[in-house]
file protein.pdb (PDB, C-alpha atoms, pLDDT in the B column)
ATOM      1  CA  MET A 755     -39.685 -58.751  -1.984  1.00 53.00           C
ATOM      2  CA  LYS A 756     -36.655 -61.045  -1.785  1.00 53.00           C
ATOM      3  CA  GLN A 757     -33.301 -59.594  -0.760  1.00 54.00           C
ATOM      4  CA  ILE A 758     -29.829 -61.105  -0.770  1.00 52.00           C
ATOM      5  CA  ASN A 759     -27.633 -60.947   2.308  1.00 50.00           C
ATOM      6  CA  LEU A 760     -23.830 -60.575   2.305  1.00 48.00           C
ATOM      7  CA  PHE A 761     -23.452 -64.334   1.996  1.00 46.00           C
ATOM      8  CA  GLY A 762     -25.499 -64.531  -1.220  1.00 52.00           C
ATOM      9  CA  LYS A 763     -28.503 -66.129   0.451  1.00 54.00           C
ATOM     10  CA  GLU A 764     -31.987 -64.898  -0.480  1.00 59.00           C
ATOM     11  CA  PHE A 765     -34.418 -63.951   2.259  1.00 57.00           C
ATOM     12  CA  ALA A 766     -37.716 -62.163   2.579  1.00 60.00           C
ATOM     13  CA  PRO A 767     -38.373 -59.549   5.267  1.00 59.00           C
ATOM     14  CA  GLY A 768     -39.595 -61.374   8.366  1.00 60.00           C
ATOM     15  CA  ASP A 769     -37.698 -64.594   7.539  1.00 56.00           C
ATOM     16  CA  ASP A 770     -35.740 -66.068  10.388  1.00 56.00           C
ATOM     17  CA  GLN A 771     -32.207 -64.856   9.740  1.00 56.00           C
ATOM     18  CA  LYS A 772     -29.047 -66.396  11.128  1.00 58.00           C
ATOM     19  CA  TYR A 773     -27.176 -63.127  10.710  1.00 55.00           C
ATOM     20  CA  THR A 774     -27.786 -59.795  12.319  1.00 58.00           C
ATOM     21  CA  THR A 775     -27.125 -56.262  11.180  1.00 55.00           C
ATOM     22  CA  LYS A 776     -26.347 -55.280  14.761  1.00 58.00           C
ATOM     23  CA  ILE A 777     -22.730 -54.191  15.042  1.00 56.00           C
ATOM     24  CA  GLY A 778     -20.900 -54.304  18.336  1.00 58.00           C
ATOM     25  CA  ALA A 779     -17.225 -54.095  19.215  1.00 56.00           C
ATOM     26  CA  PRO A 780     -15.760 -56.671  21.570  1.00 60.00           C
ATOM     27  CA  ILE A 781     -14.612 -55.218  24.878  1.00 66.00           C
ATOM     28  CA  TYR A 782     -11.389 -56.585  26.322  1.00 68.00           C
ATOM     29  CA  GLU A 783     -10.231 -56.060  29.891  1.00 75.00           C
ATOM     30  CA  PRO A 784      -6.426 -56.287  30.054  1.00 74.00           C
ATOM     31  CA  LYS A 785      -4.666 -58.244  32.772  1.00 78.00           C
ATOM     32  CA  ASN A 786      -2.609 -56.453  35.432  1.00 80.00           C
ATOM     33  CA  LYS A 787       0.620 -58.090  34.264  1.00 89.00           C
ATOM     34  CA  GLN A 788       2.440 -57.308  31.014  1.00 92.00           C
ATOM     35  CA  PRO A 789       3.455 -60.532  29.247  1.00 94.00           C
ATOM     36  CA  TYR A 790       6.975 -61.075  27.918  1.00 96.00           C
ATOM     37  CA  LEU A 791       7.459 -60.333  24.222  1.00 95.00           C
ATOM     38  CA  LEU A 792       8.314 -63.985  23.581  1.00 95.00           C
ATOM     39  CA  GLU A 793       4.810 -64.947  24.776  1.00 95.00           C
ATOM     40  CA  LEU A 794       3.085 -62.858  22.084  1.00 96.00           C
ATOM     41  CA  CYS A 795       3.651 -65.293  19.233  1.00 96.00           C
ATOM     42  CA  ASP A 796       4.710 -68.815  18.341  1.00 97.00           C
ATOM     43  CA  LYS A 797       7.413 -68.923  15.662  1.00 97.00           C
ATOM     44  CA  SER A 798       8.193 -72.643  15.818  1.00 97.00           C
ATOM     45  CA  LYS A 799       6.763 -73.539  12.396  1.00 97.00           C
ATOM     46  CA  THR A 800       8.278 -70.384  10.876  1.00 97.00           C
ATOM     47  CA  HIS A 801      11.739 -71.327  12.167  1.00 98.00           C
ATOM     48  CA  ARG A 802      11.432 -74.941  10.946  1.00 98.00           C
ATOM     49  CA  LEU A 803      10.567 -73.713   7.454  1.00 98.00           C
ATOM     50  CA  MET A 804      13.380 -71.156   7.485  1.00 98.00           C
ATOM     51  CA  LYS A 805      15.934 -73.838   8.383  1.00 98.00           C
ATOM     52  CA  GLU A 806      14.733 -76.012   5.497  1.00 98.00           C
ATOM     53  CA  ILE A 807      14.894 -73.045   3.126  1.00 98.00           C
ATOM     54  CA  GLU A 808      18.408 -72.068   4.261  1.00 98.00           C
ATOM     55  CA  ALA A 809      19.598 -75.673   3.807  1.00 98.00           C
ATOM     56  CA  SER A 810      18.177 -75.851   0.269  1.00 98.00           C
ATOM     57  CA  ASN A 811      20.083 -75.405  -2.988  1.00 98.00           C
ATOM     58  CA  LEU A 812      17.828 -72.570  -4.144  1.00 98.00           C
ATOM     59  CA  SER A 813      19.127 -69.226  -5.366  1.00 98.00           C
ATOM     60  CA  TYR A 814      19.584 -66.341  -2.936  1.00 98.00           C
ATOM     61  CA  ASP A 815      16.501 -64.545  -4.311  1.00 98.00           C
ATOM     62  CA  GLU A 816      14.347 -67.687  -4.121  1.00 98.00           C
ATOM     63  CA  LYS A 817      15.419 -68.271  -0.533  1.00 98.00           C
ATOM     64  CA  ASN A 818      14.608 -64.669   0.417  1.00 98.00           C
ATOM     65  CA  PHE A 819      11.162 -64.950  -1.151  1.00 98.00           C
ATOM     66  CA  LEU A 820      10.412 -68.205   0.693  1.00 98.00           C
ATOM     67  CA  ILE A 821      11.728 -66.797   3.982  1.00 98.00           C
ATOM     68  CA  ASP A 822       9.370 -63.830   3.615  1.00 97.00           C
ATOM     69  CA  ALA A 823       6.530 -66.285   2.918  1.00 97.00           C
ATOM     70  CA  ALA A 824       7.507 -68.477   5.896  1.00 98.00           C
ATOM     71  CA  ARG A 825       6.840 -65.566   8.252  1.00 97.00           C
ATOM     72  CA  ARG A 826       3.120 -66.019   7.487  1.00 96.00           C
ATOM     73  CA  HIS A 827       3.221 -69.125   9.683  1.00 97.00           C
ATOM     74  CA  THR A 828       3.926 -67.168  12.858  1.00 97.00           C
ATOM     75  CA  VAL A 829       0.932 -67.621  15.176  1.00 96.00           C
ATOM     76  CA  PHE A 830      -0.044 -64.519  17.149  1.00 96.00           C
ATOM     77  CA  ASN A 831      -1.662 -64.677  20.584  1.00 94.00           C
ATOM     78  CA  TYR A 832      -3.965 -61.656  20.416  1.00 91.00           C
ATOM     79  CA  GLU A 833      -5.059 -61.893  24.039  1.00 90.00           C
ATOM     80  CA  LYS A 834      -1.446 -61.573  25.182  1.00 93.00           C
ATOM     81  CA  ILE A 835      -0.839 -58.884  22.551  1.00 94.00           C
ATOM     82  CA  ALA A 836      -3.739 -56.883  24.015  1.00 91.00           C
ATOM     83  CA  ASP A 837      -2.260 -57.316  27.511  1.00 92.00           C
ATOM     84  CA  TYR A 838       1.140 -56.168  26.278  1.00 95.00           C
ATOM     85  CA  TYR A 839      -0.427 -53.176  24.505  1.00 93.00           C
ATOM     86  CA  ALA A 840      -2.173 -52.056  27.702  1.00 91.00           C
ATOM     87  CA  HIS A 841       1.209 -51.740  29.458  1.00 93.00           C
ATOM     88  CA  ALA A 842       3.328 -50.537  26.510  1.00 95.00           C
ATOM     89  CA  SER A 843       4.786 -47.099  25.844  1.00 96.00           C
ATOM     90  CA  LYS A 844       2.771 -44.658  23.747  1.00 96.00           C
ATOM     91  CA  GLU A 845       5.169 -45.122  20.813  1.00 98.00           C
ATOM     92  CA  MET A 846       4.845 -48.918  20.988  1.00 97.00           C
ATOM     93  CA  GLN A 847       1.047 -48.639  21.189  1.00 94.00           C
ATOM     94  CA  GLN A 848       0.925 -46.417  18.105  1.00 93.00           C
ATOM     95  CA  LEU A 849       3.079 -48.818  16.109  1.00 95.00           C
ATOM     96  CA  MET A 850       1.018 -51.803  17.269  1.00 94.00           C
ATOM     97  CA  GLU A 851      -2.090 -49.976  16.025  1.00 90.00           C
ATOM     98  CA  ARG A 852      -0.386 -49.209  12.678  1.00 89.00           C
ATOM     99  CA  SER A 853       0.448 -52.915  12.354  1.00 90.00           C
ATOM    100  CA  ALA A 854      -3.187 -53.876  13.131  1.00 86.00           C
ATOM    101  CA  LEU A 855      -2.105 -55.931  16.132  1.00 90.00           C
ATOM    102  CA  VAL A 856      -4.866 -54.130  18.010  1.00 86.00           C
ATOM    103  CA  ILE A 857      -7.733 -52.096  16.626  1.00 76.00           C
ATOM    104  CA  ILE A 858      -8.760 -49.473  19.139  1.00 74.00           C
ATOM    105  CA  ASP A 859     -10.534 -46.963  16.950  1.00 68.00           C
ATOM    106  CA  PHE A 860     -12.807 -47.828  14.005  1.00 66.00           C
ATOM    107  CA  GLU A 861     -11.968 -44.518  12.293  1.00 70.00           C
ATOM    108  CA  LYS A 862      -8.235 -45.292  12.493  1.00 68.00           C
ATOM    109  CA  ALA A 863      -8.886 -48.764  11.125  1.00 64.00           C
ATOM    110  CA  ILE A 864     -10.514 -47.163   8.082  1.00 66.00           C
ATOM    111  CA  GLU A 865      -7.745 -44.554   7.792  1.00 68.00           C
ATOM    112  CA  TYR A 866      -5.023 -47.231   7.850  1.00 66.00           C
ATOM    113  CA  GLY A 867      -6.904 -49.263   5.242  1.00 67.00           C
ATOM    114  CA  TYR A 868      -7.788 -52.238   7.454  1.00 62.00           C
ATOM    115  CA  VAL A 869     -11.521 -51.731   7.068  1.00 63.00           C
ATOM    116  CA  LYS A 870     -12.988 -51.018   3.654  1.00 63.00           C
ATOM    117  CA  LEU A 871     -16.685 -50.742   2.978  1.00 58.00           C
ATOM    118  CA  SER A 872     -18.017 -51.252  -0.500  1.00 60.00           C
ATOM    119  CA  ASP A 873     -20.440 -48.650  -1.803  1.00 60.00           C
ATOM    120  CA  ASP A 874     -23.275 -51.184  -1.765  1.00 64.00           C
ATOM    121  CA  ILE A 875     -22.744 -52.065   1.889  1.00 72.00           C
ATOM    122  CA  ARG A 876     -22.343 -48.387   2.767  1.00 69.00           C
ATOM    123  CA  LYS A 877     -25.562 -47.461   0.953  1.00 73.00           C
ATOM    124  CA  GLN A 878     -27.465 -50.299   2.596  1.00 78.00           C
ATOM    125  CA  TYR A 879     -26.131 -49.283   6.007  1.00 74.00           C
ATOM    126  CA  LEU A 880     -27.114 -45.642   5.464  1.00 77.00           C
ATOM    127  CA  GLU A 881     -30.604 -46.635   4.314  1.00 80.00           C
ATOM    128  CA  GLU A 882     -31.066 -48.745   7.414  1.00 78.00           C
ATOM    129  CA  TYR A 883     -29.382 -46.556  10.034  1.00 75.00           C
ATOM    130  CA  GLY A 884     -29.042 -43.087   8.490  1.00 68.00           C
ATOM    131  CA  GLU A 885     -26.004 -40.857   8.834  1.00 63.00           C
TER     132      GLU A 885
END
call {"tool": "encode", "arguments": {"input": "protein.pdb", "output": "structure tokens"}}
result
Amino acid sequence: MKQINLFGKEFAPGDDQKYTTKIGAPIYEPKNKQPYLLELCDKSKTHRLMKEIEASNLSYDEKNFLIDAARRHTVFNYEKIADYYAHASKEMQQLMERSALVIIDFEKAIEYGYVKLSDDIRKQYLEEYGE
């Protein structure tokens, strides 16, 4: 009986599959040194766009919208973020988790809405692995 994987490709049981149902979390070992906050992200493109937006003749509301959108171009260094997290205060760690800068606990990721399973995937998982 043919089945369809998450990528829409048909396969029959026993076919060589490129994808696995095995789920494993990456393990990260933090460094001994906490990086500086300025090392955690690169805002160069964001700042270039913001300068162009500020220099434009657009309305105040248009500029604010584009400035909000320009922040999407900030590049985060998640390895350094993980190092910073390991040395941060409890309050900072909790807020970093809430912002999904680090995901420590799968249950919290679901609670905060960062991981959502469709009913079909959930049912398939339960059939394969049980409760």
call {"tool": "atom_distance", "arguments": {"input": "protein.pdb", "atom1": "atom CA of A:Lys834", "atom2": "atom CA of A:Cys795"}}
result
8.7 Å
call {"tool": "atom_distance", "arguments": {"input": "protein.pdb", "atom1": "atom CA of A:Leu855", "atom2": "atom CA of A:Lys785"}}
result
17.0 Å
call {"tool": "atom_distance", "arguments": {"input": "protein.pdb", "atom1": "atom CA of A:Gln788", "atom2": "atom CA of A:His827"}}
result
24.4 Å
call {"tool": "resolve_selection", "arguments": {"input": "protein.pdb", "expression": "the PyMOL selection byres ((chain A and resi 793) around 12)", "output": "ChimeraX atom specification"}}
result
/A:788-792,794-797,829-838
call {"tool": "closest_residue", "arguments": {"input": "protein.pdb", "among": "A:Tyr883, A:Ser798, A:Met850, A:Gln878", "to": "A:Arg826", "atoms": "all atoms listed in the file"}}
result
A:Ser798
call {"tool": "residues_around", "arguments": {"input": "protein.pdb", "residues": "A:His801", "least_positions_apart": "6", "cutoff": "10 Å", "atoms": "only C-alpha atoms", "output": "list in words"}}
result
Ile807, Ile821, Ala824, Arg825, His827 and Thr828 of chain A
call {"tool": "write_last_selection", "arguments": {"input": "protein.pdb", "atoms": "C-alpha atoms", "output": "short mmCIF file (atom, residue, chain, number, x, y, z; two decimals), in the coordinates of the input"}}
result
data_model
loop_
_atom_site.label_atom_id
_atom_site.label_comp_id
_atom_site.auth_asym_id
_atom_site.auth_seq_id
_atom_site.Cartn_x
_atom_site.Cartn_y
_atom_site.Cartn_z
CA ILE A 807 14.89 -73.04 3.13
CA ILE A 821 11.73 -66.80 3.98
CA ALA A 824 7.51 -68.48 5.90
CA ARG A 825 6.84 -65.57 8.25
CA HIS A 827 3.22 -69.12 9.68
CA THR A 828 3.93 -67.17 12.86
#
call {"tool": "closest_residue", "arguments": {"input": "protein.pdb", "among": "A:Lys805, A:Lys817, A:His841, A:Lys877", "to": "A:Pro784", "atoms": "only C-alpha atoms"}}
result
A:His841
call {"tool": "build_atoms", "arguments": {"input": "protein.pdb", "residues": "stretch 806-829 of chain A", "atoms": "N, CA and C atoms", "output": "compact mmCIF listing (two decimals), in the coordinates of the input"}}
result
# COMPACT_ATOMS: atom_id res chain seq x y z
N GLU A 806 14.80 -75.22 6.73
CA GLU A 806 14.73 -76.01 5.50
C GLU A 806 15.11 -75.17 4.29
N ILE A 807 14.61 -73.94 4.25
CA ILE A 807 14.89 -73.04 3.13
C ILE A 807 16.39 -72.73 3.07
N GLU A 808 16.97 -72.39 4.21
CA GLU A 808 18.41 -72.07 4.26
C GLU A 808 19.26 -73.26 3.82
N ALA A 809 18.84 -74.47 4.16
CA ALA A 809 19.60 -75.67 3.81
C ALA A 809 19.40 -76.09 2.34
N SER A 810 18.48 -75.48 1.66
CA SER A 810 18.18 -75.85 0.27
C SER A 810 19.25 -75.35 -0.69
N ASN A 811 19.16 -75.82 -1.93
CA ASN A 811 20.08 -75.40 -2.99
C ASN A 811 19.50 -74.31 -3.87
N LEU A 812 18.50 -73.62 -3.37
CA LEU A 812 17.83 -72.57 -4.14
C LEU A 812 18.72 -71.33 -4.25
N SER A 813 18.38 -70.48 -5.21
CA SER A 813 19.13 -69.23 -5.37
C SER A 813 18.86 -68.31 -4.17
N TYR A 814 19.73 -67.32 -4.02
CA TYR A 814 19.58 -66.34 -2.94
C TYR A 814 18.22 -65.67 -2.98
N ASP A 815 17.79 -65.23 -4.17
CA ASP A 815 16.50 -64.54 -4.31
C ASP A 815 15.33 -65.48 -4.00
N GLU A 816 15.41 -66.73 -4.42
CA GLU A 816 14.35 -67.69 -4.12
C GLU A 816 14.25 -67.92 -2.61
N LYS A 817 15.41 -68.08 -1.99
CA LYS A 817 15.42 -68.27 -0.53
C LYS A 817 14.80 -67.07 0.18
N ASN A 818 15.17 -65.86 -0.22
CA ASN A 818 14.61 -64.67 0.42
C ASN A 818 13.10 -64.61 0.26
N PHE A 819 12.61 -64.93 -0.93
CA PHE A 819 11.16 -64.95 -1.15
C PHE A 819 10.49 -65.96 -0.22
N LEU A 820 11.02 -67.17 -0.15
CA LEU A 820 10.41 -68.20 0.69
C LEU A 820 10.52 -67.87 2.18
N ILE A 821 11.59 -67.22 2.58
CA ILE A 821 11.73 -66.80 3.98
C ILE A 821 10.67 -65.75 4.32
N ASP A 822 10.45 -64.81 3.41
CA ASP A 822 9.37 -63.83 3.62
C ASP A 822 8.03 -64.55 3.75
N ALA A 823 7.80 -65.53 2.89
CA ALA A 823 6.53 -66.28 2.92
C ALA A 823 6.42 -67.12 4.20
N ALA A 824 7.52 -67.64 4.69
CA ALA A 824 7.51 -68.48 5.90
C ALA A 824 7.04 -67.69 7.11
N ARG A 825 7.26 -66.39 7.11
CA ARG A 825 6.84 -65.57 8.25
C ARG A 825 5.32 -65.57 8.43
N ARG A 826 4.59 -65.94 7.38
CA ARG A 826 3.12 -66.02 7.49
C ARG A 826 2.68 -67.10 8.47
N HIS A 827 3.58 -68.01 8.80
CA HIS A 827 3.22 -69.12 9.68
C HIS A 827 3.43 -68.81 11.16
N THR A 828 3.83 -67.59 11.46
CA THR A 828 3.93 -67.17 12.86
C THR A 828 2.51 -67.04 13.40
N VAL A 829 2.26 -67.63 14.56
CA VAL A 829 0.93 -67.62 15.18
C VAL A 829 0.93 -66.57 16.29
